[in-house]
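Heads up, my_file.txt below (compact mmCIF, C-alpha atoms):
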# COMPACT_ATOMS: atom_id res chain seq x y z
CA MET Q 214 34.84 34.96 41.26
CA ALA Q 215 37.19 35.22 38.32
CA ASP Q 216 40.64 33.89 38.98
CA LEU Q 217 42.99 35.04 36.30
CA THR Q 218 46.18 33.39 37.50
CA PRO Q 219 47.51 31.10 34.82
CA LEU Q 220 46.85 27.44 35.42
CA PRO Q 221 49.84 25.33 36.43
CA PRO Q 222 51.06 22.99 33.71
CA ASP Q 223 48.78 20.00 33.35
CA PRO Q 224 50.56 17.22 35.27
CA VAL Q 225 48.82 14.59 33.12
CA ALA Q 226 49.77 16.24 29.84
CA PRO Q 227 52.20 14.01 28.00
CA GLN Q 228 55.61 15.27 27.01
CA GLY Q 229 56.50 16.28 23.51
CA ARG Q 230 53.05 17.37 22.37
CA PRO Q 231 51.55 20.80 21.95
CA PRO Q 232 49.74 21.95 25.09
CA GLY Q 233 46.02 21.32 25.05
CA GLY Q 234 46.10 19.04 22.09
CA ARG Q 235 47.25 15.75 20.80
CA GLY Q 236 47.62 16.66 17.18
CA PHE Q 237 47.14 13.84 14.73
CA GLY Q 238 45.84 11.63 17.55
CA ILE Q 239 42.50 13.41 17.37
CA VAL Q 240 42.20 12.56 13.66
CA LEU Q 241 42.86 8.93 14.53
CA VAL Q 242 40.13 9.00 17.18
CA ALA Q 243 37.67 10.44 14.64
CA LEU Q 244 38.60 7.91 11.95
CA TYR Q 245 38.33 5.03 14.39
CA ALA Q 246 34.95 6.32 15.57
CA LEU Q 247 33.75 6.42 11.97
CA PHE Q 248 34.89 2.86 11.32
CA ALA Q 249 33.51 1.64 14.65
CA LEU Q 250 30.16 3.01 13.54
CA ALA Q 251 30.37 1.60 10.01
CA ALA Q 252 31.52 -1.83 11.15
CA THR Q 253 28.97 -2.04 13.98
CA GLY Q 254 26.14 -1.11 11.62
CA ARG Q 255 27.21 -3.58 8.99
CA ALA Q 256 27.86 -6.41 11.46
CA SER Q 257 24.60 -6.07 13.40
CA TYR Q 258 22.58 -5.95 10.19
CA GLN Q 259 24.38 -8.99 8.76
CA LEU Q 260 24.18 -11.03 11.96
CA ILE Q 261 20.50 -10.28 12.57
CA SER Q 262 19.08 -10.66 9.10
CA GLU Q 263 21.25 -13.04 7.12
CA TYR Q 264 23.58 -14.87 9.48
CA SER Q 265 23.37 -18.24 7.70
CA LYS Q 266 24.45 -16.78 4.36
CA ALA Q 267 28.09 -16.29 5.30
CA PRO Q 268 28.69 -16.94 9.00
CA VAL Q 269 32.49 -16.65 8.80
CA ALA Q 270 32.40 -13.27 7.07
CA TYR Q 271 29.73 -11.94 9.40
CA LEU Q 272 31.45 -13.08 12.57
CA LEU Q 273 34.60 -11.38 11.29
CA SER Q 274 32.56 -8.23 10.68
CA ALA Q 275 31.43 -8.40 14.30
CA LEU Q 276 35.02 -8.95 15.48
CA ALA Q 277 36.15 -5.96 13.41
CA ALA Q 278 33.38 -3.86 14.93
CA VAL Q 279 34.40 -4.78 18.49
CA ILE Q 280 38.06 -4.06 17.76
CA TYR Q 281 37.27 -0.67 16.24
CA LEU Q 282 35.10 0.20 19.24
CA VAL Q 283 37.81 -0.81 21.72
CA ALA Q 284 40.48 1.08 19.77
CA THR Q 285 38.30 4.21 19.56
CA VAL Q 286 37.61 4.32 23.28
CA ALA Q 287 41.21 3.47 24.21
CA LEU Q 288 42.68 6.11 21.88
CA ALA Q 289 40.20 8.70 23.13
CA ARG Q 290 41.01 7.98 26.79
CA ASP Q 291 44.70 8.42 26.09
CA ASP Q 292 46.10 7.27 29.43
CA ARG Q 293 48.88 4.74 29.92
CA THR Q 294 46.75 1.63 30.26
CA SER Q 295 44.38 2.73 27.50
CA LEU Q 296 47.24 3.21 25.09
CA ARG Q 297 48.45 -0.31 25.86
CA VAL Q 298 44.93 -1.57 25.16
CA ALA Q 299 44.88 0.50 21.97
CA ARG Q 300 48.18 -1.00 20.85
CA ALA Q 301 46.85 -4.53 21.38
CA ALA Q 302 43.56 -3.80 19.61
CA ILE Q 303 45.24 -2.14 16.66
CA THR Q 304 47.78 -4.97 16.32
CA VAL Q 305 44.90 -7.47 16.15
CA GLU Q 306 43.26 -5.17 13.63
CA LEU Q 307 46.35 -5.12 11.42
CA VAL Q 308 46.67 -8.92 11.56
CA GLY Q 309 42.94 -9.19 10.87
CA VAL Q 310 42.92 -6.98 7.82
CA LEU Q 311 45.99 -8.75 6.41
CA VAL Q 312 44.68 -12.29 7.02
CA VAL Q 313 41.10 -11.55 5.93
CA GLY Q 314 42.34 -9.53 2.97
CA LEU Q 315 44.50 -12.44 1.85
CA LEU Q 316 41.84 -15.09 2.51
CA SER Q 317 39.19 -13.16 0.60
CA TYR Q 318 41.39 -13.57 -2.47
CA LEU Q 319 42.54 -17.16 -1.77
CA ALA Q 320 39.23 -18.58 -0.50
CA PRO Q 321 36.48 -16.38 -1.93
CA SER Q 322 33.86 -19.09 -1.28
CA GLN Q 323 34.15 -18.37 2.44
CA PHE Q 324 33.42 -14.71 1.78
CA PRO Q 325 30.35 -14.51 -0.44
CA ASP Q 326 29.50 -11.22 1.20
CA LYS Q 327 31.94 -8.50 2.13
CA THR Q 328 33.35 -7.57 5.49
CA VAL Q 329 35.12 -4.33 6.30
CA TRP Q 330 38.41 -6.19 5.90
CA SER Q 331 37.68 -8.08 2.65
CA HIS Q 332 40.16 -7.43 -0.16
CA PHE Q 333 42.27 -5.37 2.25
CA GLY Q 334 39.38 -2.95 2.74
CA SER Q 335 39.07 -2.00 -0.93
CA GLY Q 336 35.37 -1.25 -0.42
CA TYR Q 337 36.39 1.48 2.02
CA GLY Q 338 39.17 3.05 0.00
CA TYR Q 339 41.79 0.84 1.70
CA VAL Q 340 41.42 2.96 4.82
CA PRO Q 341 41.05 -0.23 6.94
CA LEU Q 342 44.54 -1.24 5.78
CA VAL Q 343 46.15 2.17 6.31
CA LEU Q 344 44.44 2.93 9.61
CA PRO Q 345 46.19 0.30 11.80
CA VAL Q 346 49.58 1.22 10.33
CA LEU Q 347 48.98 4.89 11.12
CA GLY Q 348 47.67 3.90 14.55
CA LEU Q 349 50.74 1.85 15.44
CA LEU Q 350 53.11 4.54 14.14
CA TRP Q 351 51.25 7.14 16.17
CA LEU Q 352 51.36 5.03 19.35
CA ARG Q 353 55.07 4.45 18.81
CA ARG Q 354 55.74 8.16 18.39
CA SER Q 355 53.67 9.22 21.36
CA ARG Q 356 55.19 6.66 23.71
CA ARG Q 357 55.85 8.08 27.15
CA PRO Q 358 59.42 8.20 28.43
CA MET X 119 16.57 14.99 -4.61
CA SER X 120 14.25 16.95 -2.33
CA TRP X 121 14.79 20.63 -1.52
CA LEU X 122 15.49 19.57 2.06
CA THR X 123 18.37 17.34 1.00
CA VAL X 124 19.72 20.15 -1.16
CA ALA X 125 19.49 22.49 1.84
CA VAL X 126 21.37 19.97 4.03
CA LEU X 127 24.09 19.67 1.40
CA VAL X 128 24.42 23.45 1.05
CA VAL X 129 24.69 23.98 4.81
CA ALA X 130 27.09 21.03 5.11
CA ALA X 131 29.27 22.65 2.45
CA LEU X 132 29.09 25.96 4.31
CA TYR X 133 30.03 24.16 7.52
CA GLY X 134 33.01 22.62 5.78
CA VAL X 135 34.15 25.97 4.42
CA VAL X 136 33.82 27.73 7.78
CA ALA X 137 35.83 24.94 9.39
CA LEU X 138 38.45 25.13 6.64
CA VAL X 139 38.86 28.86 7.27
CA HIS X 140 39.54 27.99 10.90
CA VAL X 141 42.08 25.37 9.83
CA VAL X 142 43.89 27.84 7.57
CA ARG X 143 43.90 30.63 10.16
CA ASP X 144 44.61 28.19 13.00
CA THR X 145 41.74 29.62 15.06
CA ILE X 146 39.44 27.80 17.48
CA VAL X 147 35.69 27.23 17.61
CA ASP X 148 33.71 30.49 17.42
CA ASP X 149 30.02 31.43 17.36
CA ARG X 150 29.85 31.34 13.58
CA LEU X 151 31.03 27.74 13.46
CA LEU X 152 28.73 26.73 16.33
CA LEU X 153 25.69 28.38 14.73
CA THR X 154 26.43 26.69 11.42
CA ALA X 155 26.72 23.39 13.29
CA VAL X 156 23.35 24.02 14.96
CA ALA X 157 21.71 24.87 11.61
CA LEU X 158 23.20 21.72 10.07
CA GLU X 159 22.07 19.63 13.03
CA LEU X 160 18.47 20.91 12.82
CA LEU X 161 18.36 20.23 9.09
CA LEU X 162 19.77 16.73 9.63
CA LEU X 163 17.14 16.01 12.28
CA ALA X 164 14.46 17.24 9.86
CA GLN X 165 15.98 14.97 7.21
CA VAL X 166 15.75 12.00 9.60
CA VAL X 167 12.06 12.68 10.28
CA VAL X 168 11.28 13.13 6.58
CA GLY X 169 13.36 10.07 5.64
CA VAL X 170 11.65 7.81 8.18
CA VAL X 171 8.14 9.07 7.30
CA LEU X 172 8.80 8.60 3.58
CA GLY X 173 10.40 5.22 4.21
CA LEU X 174 7.38 3.96 6.12
CA HIS X 175 4.94 5.16 3.46
CA THR X 176 6.66 3.89 0.37
CA THR X 177 6.18 0.72 -1.60
CA ARG X 178 9.53 1.02 -3.31
CA ASP X 179 12.19 -1.59 -2.72
CA PHE X 180 15.11 -0.12 -0.82
CA GLU X 181 17.65 -1.49 1.65
CA ALA X 182 15.63 -0.31 4.61
CA PRO X 183 17.97 -1.35 7.50
CA VAL X 184 21.06 0.22 5.95
CA PHE X 185 19.07 3.28 4.88
CA TYR X 186 17.78 3.90 8.41
CA ALA X 187 21.20 3.16 9.92
CA TYR X 188 22.88 5.78 7.72
CA LEU X 189 20.05 8.23 8.30
CA GLY X 190 20.17 7.80 12.07
CA THR X 191 23.95 8.14 12.14
CA LEU X 192 24.05 11.53 10.40
CA PRO X 193 22.78 13.71 13.29
CA LEU X 194 25.44 12.18 15.57
CA VAL X 195 28.27 13.60 13.48
CA PRO X 196 28.10 17.39 14.17
CA PRO X 197 27.80 17.05 17.98
CA PHE X 198 30.65 14.53 18.03
CA VAL X 199 33.10 16.62 16.02
CA THR X 200 32.04 19.81 17.83
CA PHE X 201 32.84 18.06 21.10
CA LEU X 202 36.24 17.02 19.73
CA ALA X 203 37.00 20.56 18.56
CA LEU X 204 36.01 22.03 21.93
CA LYS X 205 38.13 19.50 23.83
CA ASP X 206 41.15 19.66 21.57
CA LYS X 207 41.88 23.18 20.41
CA THR X 208 44.25 22.35 17.59
CA ARG X 209 44.27 22.56 13.84
CA TRP X 210 43.97 18.81 13.71
CA ALA X 211 40.65 18.80 15.53
CA MET X 212 39.39 21.58 13.27
CA GLY X 213 40.52 19.49 10.31
CA VAL X 214 38.32 16.69 11.64
CA VAL X 215 35.38 19.14 11.69
CA ALA X 216 36.09 20.09 8.07
CA GLY X 217 36.40 16.41 7.16
CA SER X 218 33.09 15.63 8.84
CA ALA X 219 31.33 17.91 6.34
CA VAL X 220 32.66 15.69 3.55
CA VAL X 221 31.57 12.55 5.42
CA ILE X 222 28.06 13.99 5.83
CA ALA X 223 27.88 14.85 2.12
CA VAL X 224 29.04 11.34 1.17
CA PHE X 225 26.45 9.73 3.46
CA LEU X 226 23.72 11.96 1.97
CA ALA X 227 24.77 11.06 -1.56
CA ARG X 228 24.72 7.38 -0.65
CA LEU X 229 21.25 7.75 0.94
CA THR X 230 19.90 9.53 -2.15
CA GLN X 231 21.41 6.83 -4.32
CA MET X 232 19.78 4.05 -2.27
CA TRP X 233 16.47 5.86 -2.34
CA THR X 234 16.35 6.53 -6.07
CA LEU X 235 17.98 3.32 -7.31
CA ASN X 236 14.81 1.23 -7.25
CA GLY X 237 12.32 4.04 -7.17
Encoding of this model in structure tokens:
Amino acid sequence: MADLTPLPPDPVAPQGRPPGGRGFGIVLVALYALFALAATGRASYQLISEYSKAPVAYLLSALAAVIYLVATVALARDDRTSLRVARAAITVELVGVLVVGLLSYLAPSQFPDKTVWSHFGSGYGYVPLVLPVLGLLWLRRSRRP
Amino acid sequence: MSWLTVAVLVVAALYGVVALVHVVRDTIVDDRLLLTAVALELLLLAQVVVGVVLGLHTTRDFEAPVFYAYLGTLPLVPPFVTFLALKDKTRWAMGVVAGSAVVIAVFLARLTQMWTLNG
């Protein structure tokens, strides 16, 4: 039977966002999903087929992949705990891309092959560097009262 | 570049344009967008089959694992972004759909490049 009475306001819906949507947050989820996929693919291939060539770089690739996966799921879930998890994951990501980016210039011998974070993510249009900044800004803005 | 790949690119472009129209008009998912997504998805699945069959029957030197990974990832994109656009009825989500058409085109270009580089 069709019930046409308007639904009550969603009690879970966060304040200060348009109803039924989370605006830029959805773009973040999509971007993180893309990078989770890219990093997972790269890391599993590197770890399986040529681990001994550059173990440090490949383990970092794997770490990046895990962090992107966690951040994607946490951002998509969008509840209080998940957003805390997302904040932690994205903070680690930012530190990771900065440290690995710097090290790939200072100690290139440790990075004979690239990771997602090498040279501040230049191989990926610097999106890996911009993404955590956007993520943290977004989490800050969407913080619940 | 095979006619199939050209067809995928054309439909991907169409998909992007239809999504962009939705972004501009701030409208939500409609049948036209869904049907375009289905057409794109079927073509992508066909491309996966063709890509794998060709890959197994070639003697050329190509980065097989990466090639198959990219190829296998492509058909996941339209269902994922369609799901996002159905869940989140905002311009932003529709923008993600439009952006996904670009991502698909880039992946296809990269695949073609990998395939023809050492061929």
For CA of Ala284 (chain Q) and CA of Ala249 (chain Q), determine how far apart the two atoms are, in Å to one decimal place.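 Between these atoms lies a distance of 8.7 Å.
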Within 12 Å of chain X, which residues of chain Q show up when using only C-alpha atoms, listed as a ChimeraX atom specification? /Q:230-259,261-262,289
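Note that the spacing between CA of Val346 (chain Q) and CA of Glu306 (chain Q) amounts to 9.6 Å.
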Separation of CA of Val129 (chain X) from CA of Leu158 (chain X) in Å: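 Computed distance, CA of Leu158 (chain X) to CA of Val129 (chain X), equals 5.9 Å.
Among the candidate residues Q:Leu296, Q:Val305, Q:Leu349, Q:Ala277, the one lying nearest to Gly334 (chain Q) is Q:Ala277, with distances computed using only C-alpha atoms.
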Please identify all polymer residues within 8 Å of Leu138 (chain X), counting only C-alpha atoms, omitting same-chain residues fewer than 3 positions from it, and present them as a PyMOL selection string. chain X and resi 134-135+141-142+212-213+216
Writer output for current selection, C-alpha atoms, as a PDB file, in the frame of the given file:
ATOM      1  CA  GLY X 134      33.010  22.620   5.780  1.00  0.00           C
ATOM      2  CA  VAL X 135      34.150  25.970   4.420  1.00  0.00           C
ATOM      3  CA  VAL X 141      42.080  25.370   9.830  1.00  0.00           C
ATOM      4  CA  VAL X 142      43.890  27.840   7.570  1.00  0.00           C
ATOM      5  CA  MET X 212      39.390  21.580  13.270  1.00  0.00           C
ATOM      6  CA  GLY X 213      40.520  19.490  10.310  1.00  0.00           C
ATOM      7  CA  ALA X 216      36.090  20.090   8.070  1.00  0.00           C
TER       8      ALA X 216
END
Contacts of region 169-181 of chain X at 8 Å or less, counting all atoms listed in the file, minus same-chain residues fewer than 2 places along, as a list in words?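 Listing them by chain and then by number gives Gln165, Val166, Val167, Pro183, Val184, Phe185, Tyr186, Leu189, Met232, Trp233, Leu235, Asn236 and Gly237 of chain X.
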Which of these residues is nearest to Pro196 (chain X), using all atoms listed in the file: X:Ala219, X:Leu226, X:Val139, X:Arg150?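 When distances to Pro196 (chain X) are compared using all atoms listed in the file, the smallest one comes from X:Ala219.
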Select, from Q:Leu307, Q:Ala301, Q:Ala320, Q:Leu347, the residue with the minimum atom-to-atom distance to Phe333 (chain Q), counting only C-alpha atoms. Q:Leu307
Would you kindly return, as a VMD selection string, each protein, DNA or RNA residue with an atom no farther than 8 Å from any atom of Ala130 (chain X), considering all atoms listed in the file and excluding same-chain residues fewer than 2 positions away? chain X and resid 126 to 128 132 to 134 158 219 to 220 222 to 223
Include C-alpha atoms and write out the residues we just selected as a JSON list (two decimals), keeping the file's coordinate frame.
[["chain", "number", "residue", "atom", "x", "y", "z"],
["X", 126, "VAL", "CA", 21.37, 19.97, 4.03],
["X", 127, "LEU", "CA", 24.09, 19.67, 1.40],
["X", 128, "VAL", "CA", 24.42, 23.45, 1.05],
["X", 132, "LEU", "CA", 29.09, 25.96, 4.31],
["X", 133, "TYR", "CA", 30.03, 24.16, 7.52],
["X", 134, "GLY", "CA", 33.01, 22.62, 5.78],
["X", 158, "LEU", "CA", 23.20, 21.72, 10.07],
["X", 219, "ALA", "CA", 31.33, 17.91, 6.34],
["X", 220, "VAL", "CA", 32.66, 15.69, 3.55],
["X", 222, "ILE", "CA", 28.06, 13.99, 5.83],
["X", 223, "ALA", "CA", 27.88, 14.85, 2.12]]
Take every atom of region 284-295 of chain Q listed in the file, pad by 6 Å on each side, and give me the axis-aligned box centre and edge lengths in Å, one decimal, as AutoDock Vina command-line options.
--center_x 43.2 --center_y 4.9 --center_z 24.9 --size_x 23.3 --size_y 19.6 --size_z 22.7
Would you save region 185-197 of chain X to a file, keeping N, CA and C atoms, as a PDB file, in the first residue's frame?
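So the final result, stored in selection10.pdb, reads:
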ATOM      1  N   PHE X 185      48.116  -5.374 -17.002  1.00  0.00           N
ATOM      2  CA  PHE X 185      47.117  -5.332 -18.072  1.00  0.00           C
ATOM      3  C   PHE X 185      45.804  -5.968 -17.609  1.00  0.00           C
ATOM      4  N   TYR X 186      45.903  -7.176 -17.052  1.00  0.00           N
ATOM      5  CA  TYR X 186      44.688  -7.869 -16.611  1.00  0.00           C
ATOM      6  C   TYR X 186      44.040  -7.152 -15.421  1.00  0.00           C
ATOM      7  N   ALA X 187      44.878  -6.574 -14.557  1.00  0.00           N
ATOM      8  CA  ALA X 187      44.330  -5.858 -13.394  1.00  0.00           C
ATOM      9  C   ALA X 187      43.499  -4.665 -13.851  1.00  0.00           C
ATOM     10  N   TYR X 188      44.056  -3.877 -14.782  1.00  0.00           N
ATOM     11  CA  TYR X 188      43.321  -2.722 -15.311  1.00  0.00           C
ATOM     12  C   TYR X 188      42.037  -3.178 -15.996  1.00  0.00           C
ATOM     13  N   LEU X 189      42.200  -4.219 -16.831  1.00  0.00           N
ATOM     14  CA  LEU X 189      41.074  -4.725 -17.604  1.00  0.00           C
ATOM     15  C   LEU X 189      39.939  -5.182 -16.676  1.00  0.00           C
ATOM     16  N   GLY X 190      40.320  -5.919 -15.632  1.00  0.00           N
ATOM     17  CA  GLY X 190      39.324  -6.459 -14.719  1.00  0.00           C
ATOM     18  C   GLY X 190      38.669  -5.386 -13.860  1.00  0.00           C
ATOM     19  N   THR X 191      39.394  -4.264 -13.668  1.00  0.00           N
ATOM     20  CA  THR X 191      38.865  -3.189 -12.834  1.00  0.00           C
ATOM     21  C   THR X 191      37.770  -2.405 -13.551  1.00  0.00           C
ATOM     22  N   LEU X 192      37.938  -2.252 -14.867  1.00  0.00           N
ATOM     23  CA  LEU X 192      37.026  -1.396 -15.645  1.00  0.00           C
ATOM     24  C   LEU X 192      35.541  -1.687 -15.422  1.00  0.00           C
ATOM     25  N   PRO X 193      35.089  -2.957 -15.525  1.00  0.00           N
ATOM     26  CA  PRO X 193      33.646  -3.198 -15.382  1.00  0.00           C
ATOM     27  C   PRO X 193      33.106  -2.916 -13.986  1.00  0.00           C
ATOM     28  N   LEU X 194      34.021  -2.703 -13.002  1.00  0.00           N
ATOM     29  CA  LEU X 194      33.549  -2.404 -11.647  1.00  0.00           C
ATOM     30  C   LEU X 194      33.106  -0.939 -11.534  1.00  0.00           C
ATOM     31  N   VAL X 195      33.629  -0.104 -12.451  1.00  0.00           N
ATOM     32  CA  VAL X 195      33.434   1.338 -12.292  1.00  0.00           C
ATOM     33  C   VAL X 195      31.966   1.772 -12.470  1.00  0.00           C
ATOM     34  N   PRO X 196      31.306   1.420 -13.603  1.00  0.00           N
ATOM     35  CA  PRO X 196      29.915   1.902 -13.755  1.00  0.00           C
ATOM     36  C   PRO X 196      28.964   1.459 -12.637  1.00  0.00           C
ATOM     37  N   PRO X 197      28.998   0.176 -12.207  1.00  0.00           N
ATOM     38  CA  PRO X 197      28.087  -0.185 -11.110  1.00  0.00           C
ATOM     39  C   PRO X 197      28.372   0.596  -9.834  1.00  0.00           C
TER      40      PRO X 197
END
